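Peer 1: After the structure tokens below, expect a handful of questions from me.
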Amino acid sequence: MEDAHSAGPERPAQPEGPAQPSRPPQFPQPAQPALLTEHADGVARIVLHNPAKRNAMTEAMWRELPGLLAGLADDTSVRVLVVTGAENTFCAGADIATLRESAESSQALAVAAEEALSAFPKPTLAAVRGHCVGGGAQLAAACDLRFAAHGALFGVTPAKLGIVYPASSTQRLVRLVGPATAKYLLFSGELIDTDRALRTGLVDEVHPPEELEARVREFTRTLVERSQLTQAAAKEFAGPEPDASRMEHWRRVAAESGEAAEGAAAFLERRAPRFRWTPAPADRSHGTPD
């Protein structure tokens, strides 16, 4: 497929000088498939690493992901999470060898990992290069936002394997792209390019490959500077309709937090706001309010 020519919102002009390629961070290369992590300046990064198989997820990787996410959720120094793939691809799905052994078991592990990512209480962003297919598309869809490089390919492929796609994953896909596009992807297993992915809402921004990493870093810096209170409440309200107790919880937390007063003071004093509210671990599972 040809590269798309759509892009995200206009950004400020860059300083003059020779353009330098923007590359993802480099990690030590483990011999076995693994989930690699990095954390700096409020942004945590999970890298799906299995480059010999286009970062296909093994059962061990699926099992590890929920616990890894739980630890990052409870780490108050983490304010944003980026999920990406090693080298030049995101994730080609589940390792087919594991499906041959036990498709049902592998699917259950994938759904548990997807649900854990969807429930992560802080903003999440999938940075996508190359193939984002099958289980990889499940993980990307479970993130709040998706930024892609020109030339990335997306596909939801259970029809190629005779697998019944999980109801929760199907419903998430429908909420993201609408029923018509979800059916197109699920019925056919066809891959779509970044142009169509952007048009249907599967991705939020598309950039030249050499610019993707710089844009991800720029945008995550913006998220780190914003109010975590606003982000946490908005993330919950954007999901299934909250009940009255949760709406009251967030009303009370907002009133007690001082975030709005700080935002107004910063605006009037023409300075950057210093938002200090941090979600308690209980908020990760709608537990006891702060």
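In the structure tokens, chains take the letters A, B, ... in the order shown, each chain's residues start at 1, and ligands count up from 1 in the order shown.
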Quick one: residues within 10 Å of Phe120 (chain A), only C-alpha atoms counted, chain neighbours fewer than 2 positions away excluded, as a ChimeraX atom specification?

Peer 2: /A:66,69-70,72-74,80-81,115-118,122-124,142-144,232,235,284-285

Peer 1: Please save C-alpha atoms of the selected residues as a PDB file, in the first residue's frame.

Peer 2:
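The resulting out_8.pdb:
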ATOM      1  CA  PRO A  66      -0.895  -6.499  33.461  1.00  0.00           C
ATOM      2  CA  LEU A  69       1.015  -1.794  34.097  1.00  0.00           C
ATOM      3  CA  ALA A  70      -0.136  -2.097  37.706  1.00  0.00           C
ATOM      4  CA  LEU A  72       3.440   1.928  36.624  1.00  0.00           C
ATOM      5  CA  ALA A  73      -0.106   2.931  37.604  1.00  0.00           C
ATOM      6  CA  ASP A  74       0.893   3.082  41.272  1.00  0.00           C
ATOM      7  CA  VAL A  80       1.948   9.410  30.893  1.00  0.00           C
ATOM      8  CA  LEU A  81       2.525   6.002  29.282  1.00  0.00           C
ATOM      9  CA  GLU A 115      -8.223  -4.700  29.538  1.00  0.00           C
ATOM     10  CA  ALA A 116      -5.366  -3.824  31.894  1.00  0.00           C
ATOM     11  CA  LEU A 117      -4.041  -1.318  29.362  1.00  0.00           C
ATOM     12  CA  SER A 118      -7.495   0.165  28.801  1.00  0.00           C
ATOM     13  CA  LYS A 122      -3.203   7.865  33.233  1.00  0.00           C
ATOM     14  CA  PRO A 123      -3.041   9.001  29.591  1.00  0.00           C
ATOM     15  CA  THR A 124      -1.719   6.329  27.226  1.00  0.00           C
ATOM     16  CA  ALA A 142      -6.764  -0.004  24.196  1.00  0.00           C
ATOM     17  CA  CYS A 143      -4.581   3.115  24.406  1.00  0.00           C
ATOM     18  CA  ASP A 144      -6.208   6.531  24.687  1.00  0.00           C
ATOM     19  CA  ALA A 232      -8.145  11.182  35.316  1.00  0.00           C
ATOM     20  CA  LYS A 235     -10.615   9.340  31.112  1.00  0.00           C
ATOM     21  CA  ARG A 284      -6.958   2.698  39.582  1.00  0.00           C
ATOM     22  CA  SER A 285      -9.860   0.371  40.289  1.00  0.00           C
TER      23      SER A 285
END

Peer 1: Could you give me the residues within region 107-248 of chain A that DSSP places in strand (DSSP E), as a list in words?

Peer 2: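 So the strand (DSSP E) residues in region 107-248 of chain A would be Thr124, Leu125, Ala126, Ala127, Val128, His131, Cys132, Val133, Leu145, Arg146, Phe147, Ala148, Ala149, Leu153, Phe154, Gly155, Ile192, Asp193, Glu205, Val206 and His207 of chain A.
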
Peer 1: Do a neighbour search on Gly258 (chain A) at 10 Å with only C-alpha atoms, toss out local chain neighbours closer than 4 positions, and write the hits as number ranges by chain.

Peer 2: A: 253-254, 262-263, 275-277

Peer 1: Measuring between only C-alpha atoms, which one of A:Ser168, A:Ala233, A:Trp250, A:Arg146 shows the shortest distance to Leu212 (chain A)?

Peer 2: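 Looking at the shortest contact to Leu212 (chain A), the residue is A:Arg146.
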
Peer 1: What's around Leu186 (chain A) at 9 Å? Count only C-alpha atoms, leave out sequence neighbours fewer than 6 positions away in its own chain, and write the answer as a list of chain:residue names.

Peer 2: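 After dropping sequence-adjacent residues, the list is A:Gly155, A:Val156, A:Thr157, A:Pro158, A:Ala159, A:Tyr165, A:Thr170.
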
Peer 1: Can you pull out every residue within 8 Å of region 177-185 of chain A, counting only C-alpha atoms, but drop anything in the same chain fewer than 2 positions away, and send it as a PyMOL selection string?

Peer 2: chain A and resi 155-157+170+173-175+187-191+200-202

Peer 1: Residues near Ala126 (chain A), anyone? I mean within 6 Å using only C-alpha atoms, not counting same-chain ones fewer than 6 positions away, as a PyMOL selection string.

Peer 2: chain A and resi 82-84+140+146

Peer 1: Calculated over only C-alpha atoms, which of the candidates A:Asp204, A:Glu259, A:Glu59, A:Asp75 has the smallest distance to Gly93 (chain A)?

Peer 2: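 Among the listed residues, A:Glu59 lies closest to Gly93 (chain A).
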
Peer 1: Run DSSP on the backbone and give me the residues of region 103-196 of chain A it puts in alpha helix (DSSP H), as a ChimeraX atom specification.

Peer 2: /A:103-118,135-142,167-177,179-188,194-196

Peer 1: Take CA of Thr76 (chain A) and CA of Pro279 (chain A) and report the distance between them in Å, one decimal.

Peer 2: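 The value is 7.7 Å.
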